[in-house]
Structure formats: C-alpha cells, structure tokens
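Q: A single structure is presented below for examination.
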Amino acid sequence: MFRLFRKKDAKAAGTLAVGCGGGGCNIANRLGRISNVDILTVNTDRKGLIRSRSDRRILLGDGSMDAGCEGDVELGRSLTEDASEMINEHIRRHLNIVLMVGLGGGTGTGSASVIAEMAKRNGSRVITMATLPMSFEAGRRKTAADSLSDLKKVSDILFIADGDRLVELDPALGAREAFSVLDQMMCESFLCMTEMLEGKDGETIFQTIAGRTLTVSFAEGMHPEKVANALAEGKMMRSHAVSRPIIFVRGNIPQDGSEKVISEIIRESAGSEPMFVQGPGGHGMNLTMFIPVDHV
C-alpha cells in the first residue's frame, strides 16, 4: 500500500531530483533548502516524508515501517514496484532523472534501481548520485559494493562520493560532520551537473560522460597551482581517471595563462586534458571537477 503526499503542484521541468530512502531524502531535503529544483522523495518513513521539503512525496508500504526496510534491499525493491504506476506518473515527462541515494541496503538501494529502470524505459537520461557508507559500517559497505554493479547497469551516469575518502582528506571530521559534508557535496554536484546538462553544450557533455562512473572534487581561490593541486588531490575516490575530466567554472579563471597551468596539473594527475565548462559569472574562481574513474 502506498500514498502520495503533495506539498504543492510542480510543473514538469528538464530535471527531476528523486530522493530514494532515508539517505537520499536527507540529500534531497538539503537540496530543497538551497534551490527551487523540482524534487520527488520516495520512502517508507511516513513522518520523514511529512517533514520533507520536496514538492512531491510518495510513501511506500503501509506507513508502519518506522525502521524502514532494515537493510532488506529486496523489500525496498518490492515496495517500489508496488508503487510504480504512481512513481512513473511523476518521472515520465523529465529529460533528466537524478536519483539520490545513500547505499548500504534497504529502501533507498532497492528503490533507486527500480526507478532508474522506469526512467530508462521512458527515454530519460538517468544519473544516479550515491554516497557510500563508511568503513565502520562494514556490513552496509559490502551491501553498497554489491549494489553498485546493478545501479551502473540502469544508470547513464553513476556518480559516487565516498565518506572514507572525505575523512581521509580531513581527519578532523567526525562521522556526523562527514555525513553532513557529503550531503552538501552531493547537492552542489547536482546543481553543477544539471547546469551543464541543461546548458547549450549539454548533449555534448552528456555524450562525453555517458556510461561512466564519476567522482568529484572542489577547489576555489586565485592561485592556479594551488587550485589545481587541490582539485587533483581532493577527488572523492582514489581510482584513476579513465576519460576526460570536466571542470565546471563558477566565476572566472584569470586570462593570464592560469587555465594552461591548471590543465597541465590535471593532465598529469588524471592522464587526460580536462574540458572547461563556463558556468555563472562572479568574483573569484570556484571549480568543480567531475572525474570519470575506474570501477570501485
């Protein structure tokens, strides 16, 4: 049994963000605080959905599952299939379906693959943005690894951020802070990705990264060498790049040879010349790099 909670009517747009399960809904809620993007949340947690900032909310199950699917991926998948007709009504008109999910088992892991399959049948581009559990969640991390291959089969682009890598980059972060930073990173990555895909070169960019697994890194400042090194070292997976990285630029890169300096450092690190995509103007230089990587 399932129910739809609608906060407000939302017009279909180019991109729909879909928060799947508890972790995915947390990311979507944060996204709703910083953007007016169209959002659908799908979960077994009735109370969580009622508090959601999303435009559209679908409750899976009968509303009595306070603990969700408790790591049962197949149950999450089955409950999503039961609600497939209603879910499809919301996703079928969108060019880009961006699924947000915290892997590790249960509602999100099960529902993401089902919704991705539906979106693919509709002819939509499917981008899955997933966070991996940390090492202290050993059982959930193994489940996540097992789920990645399934998600890759039904996603045009699979985007991964690894909490372990984040703590490695900043050992002062506690687990709670790391999860919060990961959620924010996913939101910022979503906004950059959708600006690229909906821009004038969107189809070219999509074809460049279609079929890839991506990770991300961020850097800002005015000194090109420092910014480039931060990009190269700060990626959210250790795997080596397997295709051309894309650097999304907010603000401006100084016209003094800085772009060449950044390109050389990234090429040495990733093995390929980056593609620069100009985003919104502004002061300073803020770069987001999407990096196609080997399998996890």
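Ordering of the structure tokens sets the chain letters (A, B, ...); residue numbers start at 1 within each chain; ligands are numbered from 1 in the order shown.
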Fewer than 3 positions away in the same chain doesn't count, so skip those; otherwise give me all residues within 6 Å of segment 154-163 of chain A, counting only C-alpha atoms, as a ChimeraX atom specification.
A: /A:116-117,126-132,134,151,166,210-215,236
Q: Hey, what does DSSP flag as strand (DSSP E or B) within segment 18-236 of chain A? Can you give it to me as an NGL selection string?
A: :A and (18-20 or 39-43 or 56-59 or 96-102 or 125-132 or 157-162 or 212-220)
Q: Residues near segment 231-234 of chain A, anyone? I mean within 6 Å using only C-alpha atoms, not counting same-chain ones fewer than 5 positions away, as a list in words.
A: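 After dropping sequence-adjacent residues, the list is Ser217, Phe218 and Ala219 of chain A.
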Q: Quick one: pull the distance between atom CA of Val167 of chain A and atom CA of Val242 of chain A, Å, one decimal.
A: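 Taking atom CA of Val167 of chain A as the start and atom CA of Val242 of chain A as the end point, the length is 24.3 Å.
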Q: Give me the residues near Arg93 of chain A as a VMD selection string, where near means some atom within 12 Å (using only C-alpha atoms) and where sequence neighbours in that chain fewer than 6 positions away do not count.
A: chain A and resid 11 to 16 87 118 to 125
Q: Do you know which residues are at most 10 Å from segment 136-146 of chain A counting only C-alpha atoms, after dropping those on the same chain fewer than 4 positions away, and could you put them as a list of chain:residue names?
A: A:Gly71, A:Val73, A:Gly102, A:Leu103, A:Gly104, A:Gly105, A:Gly106, A:Thr109, A:Ala130, A:Thr131, A:Leu132, A:Asp150, A:Leu151, A:Asp164, A:Ala175, A:Val296
Q: Find the residue from A:Thr204, A:Asn43, A:Ser84, A:Gln278 that sits nearest to Cys69 of chain A; use only C-alpha atoms when measuring.
A: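 Comparing A:Thr204, A:Asn43, A:Ser84, A:Gln278 against Cys69 of chain A, the winner is A:Asn43.
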Q: Tell me, in Å to one decimal, how far atom CA of Lys226 of chain A is from atom CA of Asp201 of chain A.
A: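 A separation of 28.4 Å between them.
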Q: Report, in Å with one decimal, the straight-line distance from atom CA of Arg267 of chain A to atom CA of Ser243 of chain A.
A: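 Between these atoms lies a distance of 10.8 Å.
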Q: Closest to Gly251 of chain A among A:Ser135, A:Thr288, A:Asn229, A:Ser272, using only C-alpha atoms?
A: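 Closest candidate: A:Thr288.
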Q: For segment 36-39 of chain A, please output as a list in words all residues within 9 Å (counting only C-alpha atoms; exclusion window: fewer than 2 positions along the same chain).
A: Ala10, Lys11, Ala12, Ala13, Thr15, Leu16, Ala17, Val18, Gly19, Ala28, Asn29, Leu31, Gly32, Arg33, Ile34, Thr41, Arg53, Ser54, Asp55, Arg56, Arg57 and Leu191 of chain A
Q: Could you tell me which of A:Pro133, A:Pro280, A:Gly76, A:Gly24 comes closest to Arg165 of chain A if we count only C-alpha atoms?
A: A:Pro133
Q: Here is a test: counting only C-alpha atoms, which residue of A:Cys20, A:Ile27, A:Leu197, A:Leu99 is nearest to Phe179 of chain A?
A: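 Of A:Cys20, A:Ile27, A:Leu197, A:Leu99, the one nearest Phe179 of chain A is A:Ile27, counting only C-alpha atoms.
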Q: Name all residues at most 8 Å from Val261 of chain A (count only C-alpha atoms; drop same-chain ones fewer than 6 positions away) and give them as a list in words.
A: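 So the residues in contact are Pro224, Glu225 and Ala228 of chain A.
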